[in-house]
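Participant: I'm passing along query-v4.tsv; it holds TSV, C-alpha atoms.
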```
chain	number	residue	atom	x	y	z
W	1	MET	CA	-99.33	-94.32	-23.99
W	2	SER	CA	-97.52	-95.50	-20.87
W	3	ARG	CA	-99.38	-97.66	-18.40
W	4	THR	CA	-98.37	-98.57	-14.89
W	5	VAL	CA	-98.00	-102.27	-14.19
W	6	PHE	CA	-97.72	-103.86	-10.72
W	7	ILE	CA	-95.63	-107.00	-10.14
W	8	THR	CA	-95.30	-108.98	-6.94
W	9	ARG	CA	-92.65	-111.31	-5.57
W	10	ARG	CA	-93.51	-113.75	-2.78
W	11	GLU	CA	-90.93	-115.01	-0.31
W	12	ARG	CA	-91.36	-117.05	2.85
W	13	PHE	CA	-89.65	-117.16	6.20
W	14	SER	CA	-90.19	-118.89	9.52
W	15	ALA	CA	-89.48	-116.88	12.63
W	16	ALA	CA	-90.18	-116.64	16.33
W	17	HIS	CA	-91.24	-113.55	18.23
W	18	LYS	CA	-93.11	-112.43	21.28
W	19	LEU	CA	-95.27	-109.43	21.98
W	20	HIS	CA	-94.10	-108.05	25.27
W	21	ARG	CA	-93.46	-104.72	26.94
W	22	GLU	CA	-90.73	-104.67	29.56
W	23	ASP	CA	-92.48	-101.86	31.42
W	24	TRP	CA	-95.60	-104.02	31.90
W	25	THR	CA	-96.14	-106.91	34.28
W	26	GLU	CA	-96.43	-110.44	32.94
W	27	GLU	CA	-100.14	-110.26	33.79
W	28	LYS	CA	-100.66	-107.05	31.81
W	29	ASN	CA	-98.73	-108.48	28.83
W	30	ALA	CA	-100.85	-111.63	28.93
W	31	GLU	CA	-104.03	-109.56	29.19
W	32	VAL	CA	-103.18	-107.36	26.19
W	33	PHE	CA	-101.24	-109.76	23.95
W	34	GLY	CA	-102.72	-113.13	24.98
W	35	LYS	CA	-100.81	-116.18	23.80
W	36	CYS	CA	-98.55	-113.92	21.73
W	37	ALA	CA	-96.91	-112.88	25.03
W	38	ASN	CA	-95.80	-116.45	25.74
W	39	PRO	CA	-92.59	-116.13	27.81
W	40	ASN	CA	-91.09	-118.95	25.73
W	41	TRP	CA	-91.87	-117.24	22.41
W	42	HIS	CA	-93.97	-118.53	19.53
W	43	GLY	CA	-93.45	-118.75	15.79
W	44	HIS	CA	-95.06	-118.25	12.42
W	45	ASN	CA	-94.49	-119.33	8.86
W	46	TYR	CA	-94.69	-115.90	7.27
W	47	GLU	CA	-95.44	-115.14	3.65
W	48	LEU	CA	-94.05	-111.86	2.39
W	49	PHE	CA	-95.38	-110.21	-0.76
W	50	VAL	CA	-93.43	-107.28	-2.22
W	51	THR	CA	-95.16	-105.33	-4.98
W	52	VAL	CA	-93.42	-102.79	-7.18
W	53	LYS	CA	-94.82	-100.64	-9.95
W	54	SER	CA	-93.58	-98.90	-13.06
W	55	THR	CA	-94.10	-98.91	-16.78
W	56	VAL	CA	-92.92	-101.86	-18.83
W	57	ASN	CA	-89.42	-101.52	-20.23
W	58	ASP	CA	-89.64	-101.71	-24.03
W	59	SER	CA	-86.35	-103.61	-24.30
W	60	THR	CA	-87.01	-106.33	-21.73
W	61	GLY	CA	-90.79	-106.43	-21.48
W	62	PHE	CA	-90.32	-106.26	-17.70
W	63	VAL	CA	-91.31	-103.79	-15.03
W	64	MET	CA	-88.36	-105.29	-13.15
W	65	ASP	CA	-86.63	-108.63	-13.30
W	66	LEU	CA	-88.48	-110.68	-10.67
W	67	LYS	CA	-85.32	-112.66	-9.92
W	68	VAL	CA	-83.54	-109.42	-9.05
W	69	LEU	CA	-86.47	-108.39	-6.85
W	70	GLY	CA	-86.31	-111.79	-5.15
W	71	ASP	CA	-82.56	-111.41	-4.59
W	72	ILE	CA	-83.08	-107.99	-2.98
W	73	VAL	CA	-85.77	-109.35	-0.65
W	74	LYS	CA	-83.59	-112.33	0.30
W	75	GLU	CA	-80.52	-110.15	0.98
W	76	LYS	CA	-82.32	-107.40	2.88
W	77	ILE	CA	-85.02	-109.39	4.71
W	78	ILE	CA	-84.97	-113.18	4.50
W	79	ILE	CA	-81.40	-113.78	5.72
W	80	HIS	CA	-82.20	-111.61	8.77
W	81	THR	CA	-85.53	-113.26	9.59
W	82	ASP	CA	-85.67	-116.88	8.44
W	83	HIS	CA	-85.25	-119.29	11.36
W	84	LYS	CA	-84.46	-116.34	13.61
W	85	ASN	CA	-85.98	-114.72	16.64
W	86	ILE	CA	-87.28	-111.40	15.35
W	87	ASN	CA	-86.99	-109.77	18.78
W	88	LEU	CA	-83.40	-110.88	19.34
W	89	ASP	CA	-81.76	-111.60	15.98
W	90	THR	CA	-83.18	-109.14	13.43
W	91	PRO	CA	-81.19	-105.88	13.31
W	92	PHE	CA	-83.94	-103.81	11.70
W	93	MET	CA	-86.34	-104.79	14.50
W	94	GLU	CA	-84.04	-103.81	17.37
W	95	ASN	CA	-86.04	-101.99	20.08
W	96	VAL	CA	-89.27	-102.27	18.06
W	97	MET	CA	-92.38	-104.15	19.21
W	98	SER	CA	-92.51	-107.15	16.87
W	99	SER	CA	-96.18	-106.87	15.89
W	100	THR	CA	-96.95	-107.84	12.32
W	101	GLU	CA	-97.72	-104.19	11.61
W	102	ASN	CA	-94.30	-103.05	12.82
W	103	ILE	CA	-92.47	-105.87	11.04
W	104	CYS	CA	-94.24	-104.96	7.81
W	105	MET	CA	-93.31	-101.27	8.08
W	106	ALA	CA	-89.70	-102.14	8.96
W	107	ILE	CA	-89.47	-104.38	5.90
W	108	TRP	CA	-90.72	-101.46	3.77
W	109	ASP	CA	-88.00	-99.23	5.22
W	110	GLU	CA	-85.34	-101.85	4.48
W	111	LEU	CA	-86.43	-102.27	0.86
W	112	ILE	CA	-87.50	-98.87	-0.42
W	113	ASP	CA	-84.13	-97.34	-1.36
W	114	GLU	CA	-82.69	-100.48	-2.95
W	115	ILE	CA	-85.82	-101.02	-5.02
W	116	ALA	CA	-85.88	-97.37	-6.10
W	117	SER	CA	-82.32	-97.74	-7.40
W	118	TYR	CA	-83.75	-100.02	-10.11
W	119	GLY	CA	-86.06	-97.28	-11.38
W	120	VAL	CA	-89.25	-98.75	-9.98
W	121	THR	CA	-91.48	-97.73	-7.08
W	122	LEU	CA	-92.19	-99.87	-4.06
W	123	HIS	CA	-95.98	-100.04	-3.98
W	124	CYS	CA	-96.90	-102.44	-1.19
W	125	VAL	CA	-95.46	-104.81	1.37
W	126	LYS	CA	-97.89	-107.48	2.51
W	127	LEU	CA	-96.93	-109.72	5.40
W	128	GLN	CA	-99.14	-112.72	6.09
W	129	GLU	CA	-98.64	-114.06	9.59
W	130	THR	CA	-101.31	-116.76	9.63
W	131	GLU	CA	-103.89	-118.17	7.27
W	132	ASN	CA	-106.32	-115.53	8.52
W	133	ASN	CA	-104.14	-112.54	9.46
W	134	PHE	CA	-102.07	-110.25	7.29
W	135	VAL	CA	-100.93	-106.64	7.12
W	136	GLU	CA	-100.48	-104.46	4.04
W	137	PHE	CA	-98.37	-101.30	4.10
W	138	TYR	CA	-98.30	-98.77	1.28
W	139	GLY	CA	-95.74	-96.38	2.68
```
Could you render the structure from this file as structure tokens?
Facilitator:
Amino acid sequence: MSRTVFITRRERFSAAHKLHREDWTEEKNAEVFGKCANPNWHGHNYELFVTVKSTVNDSTGFVMDLKVLGDIVKEKIIIHTDHKNINLDTPFMENVMSSTENICMAIWDELIDEIASYGVTLHCVKLQETENNFVEFYG
């Protein structure tokens, strides 16, 4: 009997961003996005949780080597976000509103093919922006 097992890797990054629409006035941006529209940006210490699923490999006892999963996340996401300005420095966020929802979905898009190449399925990307706020995306 094969059973599906879910494993999760956590990584962290610190990044700045601002919620802002160029086609809106500063007043409208402030009204809609509040302090997140600060003209001088603001930052977060993000926690990123990447969950994959599959059956356990009989030879290794793993769903996937968590070190390999961590290396993928670091190569595809962390080096492009940590101590960066998401709006200005992160290629996969170019021309995308940098809401936590959009960042989370963009991270999914960056990871899905590479993770699939290891014979496992990307199940969930969870991005925690603050102690109280996080987004989960299941594709």
Participant: So that I can check the surroundings of W:Gly70, please list as an NGL selection string every protein, DNA and RNA residue that reaches within 8 Å of it, counting only C-alpha atoms and ignoring chain neighbours fewer than 3 positions away.
Facilitator: :W and (9-11 or 66-67 or 73-74)
Participant: Between W:Ala37, W:Leu48, W:Ala30, W:Val68, single out the one closest to W:Met97, counting all atoms listed in the file.
Facilitator: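 Checking each of W:Ala37, W:Leu48, W:Ala30, W:Val68 against W:Met97, counting all atoms listed in the file, the winner is W:Ala37.
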Participant: Residues at most 8 Å from W:Ile86, counting only C-alpha atoms, excluding those fewer than 4 positions away in the same chain, as a list of chain:residue names?
Facilitator: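 What passes the distance filter is W:Ala15, W:Ala16, W:His17, W:Thr81, W:Thr90, W:Met93, W:Ser98.
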Participant: Determine, counting all atoms listed in the file, which protein, DNA and RNA residues have an atom within 7 Å of an atom of stretch 107-123 of chain W; residues of the same chain fewer than 2 positions away are not included. Present the result as a list in words.
Facilitator: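 Close residues of stretch 107-123 of chain W: Thr51, Val52, Lys53, Ser54, Lys76, Ile77, Ile103, Cys104, Met105, Val125 and Tyr138 of chain W.
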Participant: What's the 10 Å shell around stretch 131-134 of chain W, counting all atoms listed in the file, without same-chain residues fewer than 5 positions away, as a list in words?
Facilitator: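 The residues that qualify are Asn45, Tyr46, Glu47, Leu48, Thr100, Glu101, Cys104 and Lys126 of chain W.
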Participant: Pick from W:Val32, W:Leu88, W:Ile7, W:Val96: nearest to W:Thr55, with all atoms listed in the file counted?
Facilitator: W:Ile7
Participant: Which of these, W:Arg12, W:Cys124, W:Phe49, W:Glu94, has the shortest distance to W:Gly139 once you count all atoms listed in the file?
Facilitator: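 Result for the nearest residue to W:Gly139: W:Cys124.
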Participant: Around (-93.0, -108.9, 22.6) in the file's own coordinates, what residues are found within 9 Å if you use only C-alpha atoms, given back as a ChimeraX atom specification?
Facilitator: /W:17-22,29,33,36-39,41,87,96-99
Participant: One number please: atom CA of W:Gly43 to atom CA of W:Leu127, in Å, one decimal.
Facilitator: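 So the two atoms, atom CA of W:Gly43 and atom CA of W:Leu127, lie 14.2 Å apart.
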Participant: Provide the atom CA of W:Arg3 to atom CA of W:Val135 distance in Å, to one decimal place.
Facilitator: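 Separation between atom CA of W:Arg3 and atom CA of W:Val135: 27.1 Å.
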Participant: As an exercise, work out the distance from atom CA of W:Val5 to atom CA of W:Asp65 in Å and give it to one decimal place.
Facilitator: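 For atom CA of W:Val5 relative to atom CA of W:Asp65, the distance reads 13.1 Å.
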Participant: Mind completing stretch 95-120 of chain W with N, CA and C atoms? Output as a PDB file, in the coordinates of the input, please?
Facilitator:
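Here's the written file part21.pdb:
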```
ATOM      1  N   ASN W  95     -85.273-102.948  19.276  1.00  0.00           N
ATOM      2  CA  ASN W  95     -86.040-101.990  20.080  1.00  0.00           C
ATOM      3  C   ASN W  95     -87.389-101.611  19.473  1.00  0.00           C
ATOM      4  N   VAL W  96     -87.962-102.505  18.671  1.00  0.00           N
ATOM      5  CA  VAL W  96     -89.270-102.270  18.060  1.00  0.00           C
ATOM      6  C   VAL W  96     -90.183-103.425  18.462  1.00  0.00           C
ATOM      7  N   MET W  97     -91.392-103.116  18.911  1.00  0.00           N
ATOM      8  CA  MET W  97     -92.380-104.150  19.210  1.00  0.00           C
ATOM      9  C   MET W  97     -92.599-104.981  17.952  1.00  0.00           C
ATOM     10  N   SER W  98     -92.503-106.291  18.063  1.00  0.00           N
ATOM     11  CA  SER W  98     -92.510-107.150  16.870  1.00  0.00           C
ATOM     12  C   SER W  98     -93.928-107.559  16.437  1.00  0.00           C
ATOM     13  N   SER W  99     -94.847-106.614  16.460  1.00  0.00           N
ATOM     14  CA  SER W  99     -96.180-106.870  15.890  1.00  0.00           C
ATOM     15  C   SER W  99     -96.034-107.020  14.378  1.00  0.00           C
ATOM     16  N   THR W 100     -96.986-107.672  13.771  1.00  0.00           N
ATOM     17  CA  THR W 100     -96.950-107.840  12.320  1.00  0.00           C
ATOM     18  C   THR W 100     -96.954-106.482  11.631  1.00  0.00           C
ATOM     19  N   GLU W 101     -97.691-105.543  12.180  1.00  0.00           N
ATOM     20  CA  GLU W 101     -97.720-104.190  11.610  1.00  0.00           C
ATOM     21  C   GLU W 101     -96.330-103.566  11.597  1.00  0.00           C
ATOM     22  N   ASN W 102     -95.632-103.648  12.732  1.00  0.00           N
ATOM     23  CA  ASN W 102     -94.300-103.050  12.820  1.00  0.00           C
ATOM     24  C   ASN W 102     -93.277-103.790  11.966  1.00  0.00           C
ATOM     25  N   ILE W 103     -93.378-105.109  11.905  1.00  0.00           N
ATOM     26  CA  ILE W 103     -92.470-105.870  11.040  1.00  0.00           C
ATOM     27  C   ILE W 103     -92.675-105.454   9.592  1.00  0.00           C
ATOM     28  N   CYS W 104     -93.918-105.334   9.184  1.00  0.00           N
ATOM     29  CA  CYS W 104     -94.240-104.960   7.810  1.00  0.00           C
ATOM     30  C   CYS W 104     -93.666-103.586   7.453  1.00  0.00           C
ATOM     31  N   MET W 105     -93.848-102.621   8.344  1.00  0.00           N
ATOM     32  CA  MET W 105     -93.310-101.270   8.080  1.00  0.00           C
ATOM     33  C   MET W 105     -91.793-101.273   8.071  1.00  0.00           C
ATOM     34  N   ALA W 106     -91.167-102.058   8.938  1.00  0.00           N
ATOM     35  CA  ALA W 106     -89.700-102.140   8.960  1.00  0.00           C
ATOM     36  C   ALA W 106     -89.176-102.768   7.680  1.00  0.00           C
ATOM     37  N   ILE W 107     -89.872-103.763   7.171  1.00  0.00           N
ATOM     38  CA  ILE W 107     -89.470-104.380   5.900  1.00  0.00           C
ATOM     39  C   ILE W 107     -89.546-103.338   4.783  1.00  0.00           C
ATOM     40  N   TRP W 108     -90.608-102.556   4.753  1.00  0.00           N
ATOM     41  CA  TRP W 108     -90.720-101.460   3.770  1.00  0.00           C
ATOM     42  C   TRP W 108     -89.482-100.568   3.838  1.00  0.00           C
ATOM     43  N   ASP W 109     -89.142-100.140   5.048  1.00  0.00           N
ATOM     44  CA  ASP W 109     -88.000 -99.230   5.220  1.00  0.00           C
ATOM     45  C   ASP W 109     -86.695 -99.853   4.740  1.00  0.00           C
ATOM     46  N   GLU W 110     -86.553-101.160   4.927  1.00  0.00           N
ATOM     47  CA  GLU W 110     -85.340-101.850   4.480  1.00  0.00           C
ATOM     48  C   GLU W 110     -85.262-101.961   2.959  1.00  0.00           C
ATOM     49  N   LEU W 111     -86.395-102.015   2.298  1.00  0.00           N
ATOM     50  CA  LEU W 111     -86.430-102.270   0.860  1.00  0.00           C
ATOM     51  C   LEU W 111     -86.507-101.029  -0.018  1.00  0.00           C
ATOM     52  N   ILE W 112     -87.092 -99.969   0.463  1.00  0.00           N
ATOM     53  CA  ILE W 112     -87.500 -98.870  -0.420  1.00  0.00           C
ATOM     54  C   ILE W 112     -86.353 -98.264  -1.235  1.00  0.00           C
ATOM     55  N   ASP W 113     -85.229 -97.989  -0.623  1.00  0.00           N
ATOM     56  CA  ASP W 113     -84.130 -97.340  -1.360  1.00  0.00           C
ATOM     57  C   ASP W 113     -83.506 -98.273  -2.396  1.00  0.00           C
ATOM     58  N   GLU W 114     -83.288 -99.523  -2.017  1.00  0.00           N
ATOM     59  CA  GLU W 114     -82.690-100.480  -2.950  1.00  0.00           C
ATOM     60  C   GLU W 114     -83.597-100.693  -4.157  1.00  0.00           C
ATOM     61  N   ILE W 115     -84.870-100.822  -3.917  1.00  0.00           N
ATOM     62  CA  ILE W 115     -85.820-101.020  -5.020  1.00  0.00           C
ATOM     63  C   ILE W 115     -85.871 -99.784  -5.915  1.00  0.00           C
ATOM     64  N   ALA W 116     -85.858 -98.609  -5.311  1.00  0.00           N
ATOM     65  CA  ALA W 116     -85.880 -97.370  -6.100  1.00  0.00           C
ATOM     66  C   ALA W 116     -84.655 -97.252  -7.004  1.00  0.00           C
ATOM     67  N   SER W 117     -83.543 -97.827  -6.585  1.00  0.00           N
ATOM     68  CA  SER W 117     -82.320 -97.740  -7.400  1.00  0.00           C
ATOM     69  C   SER W 117     -82.458 -98.489  -8.725  1.00  0.00           C
ATOM     70  N   TYR W 118     -83.480 -99.311  -8.857  1.00  0.00           N
ATOM     71  CA  TYR W 118     -83.750-100.020 -10.110  1.00  0.00           C
ATOM     72  C   TYR W 118     -84.781 -99.293 -10.973  1.00  0.00           C
ATOM     73  N   GLY W 119     -85.152 -98.082 -10.573  1.00  0.00           N
ATOM     74  CA  GLY W 119     -86.060 -97.280 -11.380  1.00  0.00           C
ATOM     75  C   GLY W 119     -87.518 -97.658 -11.274  1.00  0.00           C
ATOM     76  N   VAL W 120     -87.864 -98.386 -10.213  1.00  0.00           N
ATOM     77  CA  VAL W 120     -89.250 -98.750  -9.980  1.00  0.00           C
ATOM     78  C   VAL W 120     -89.659 -98.235  -8.604  1.00  0.00           C
TER      79      VAL W 120
END
```
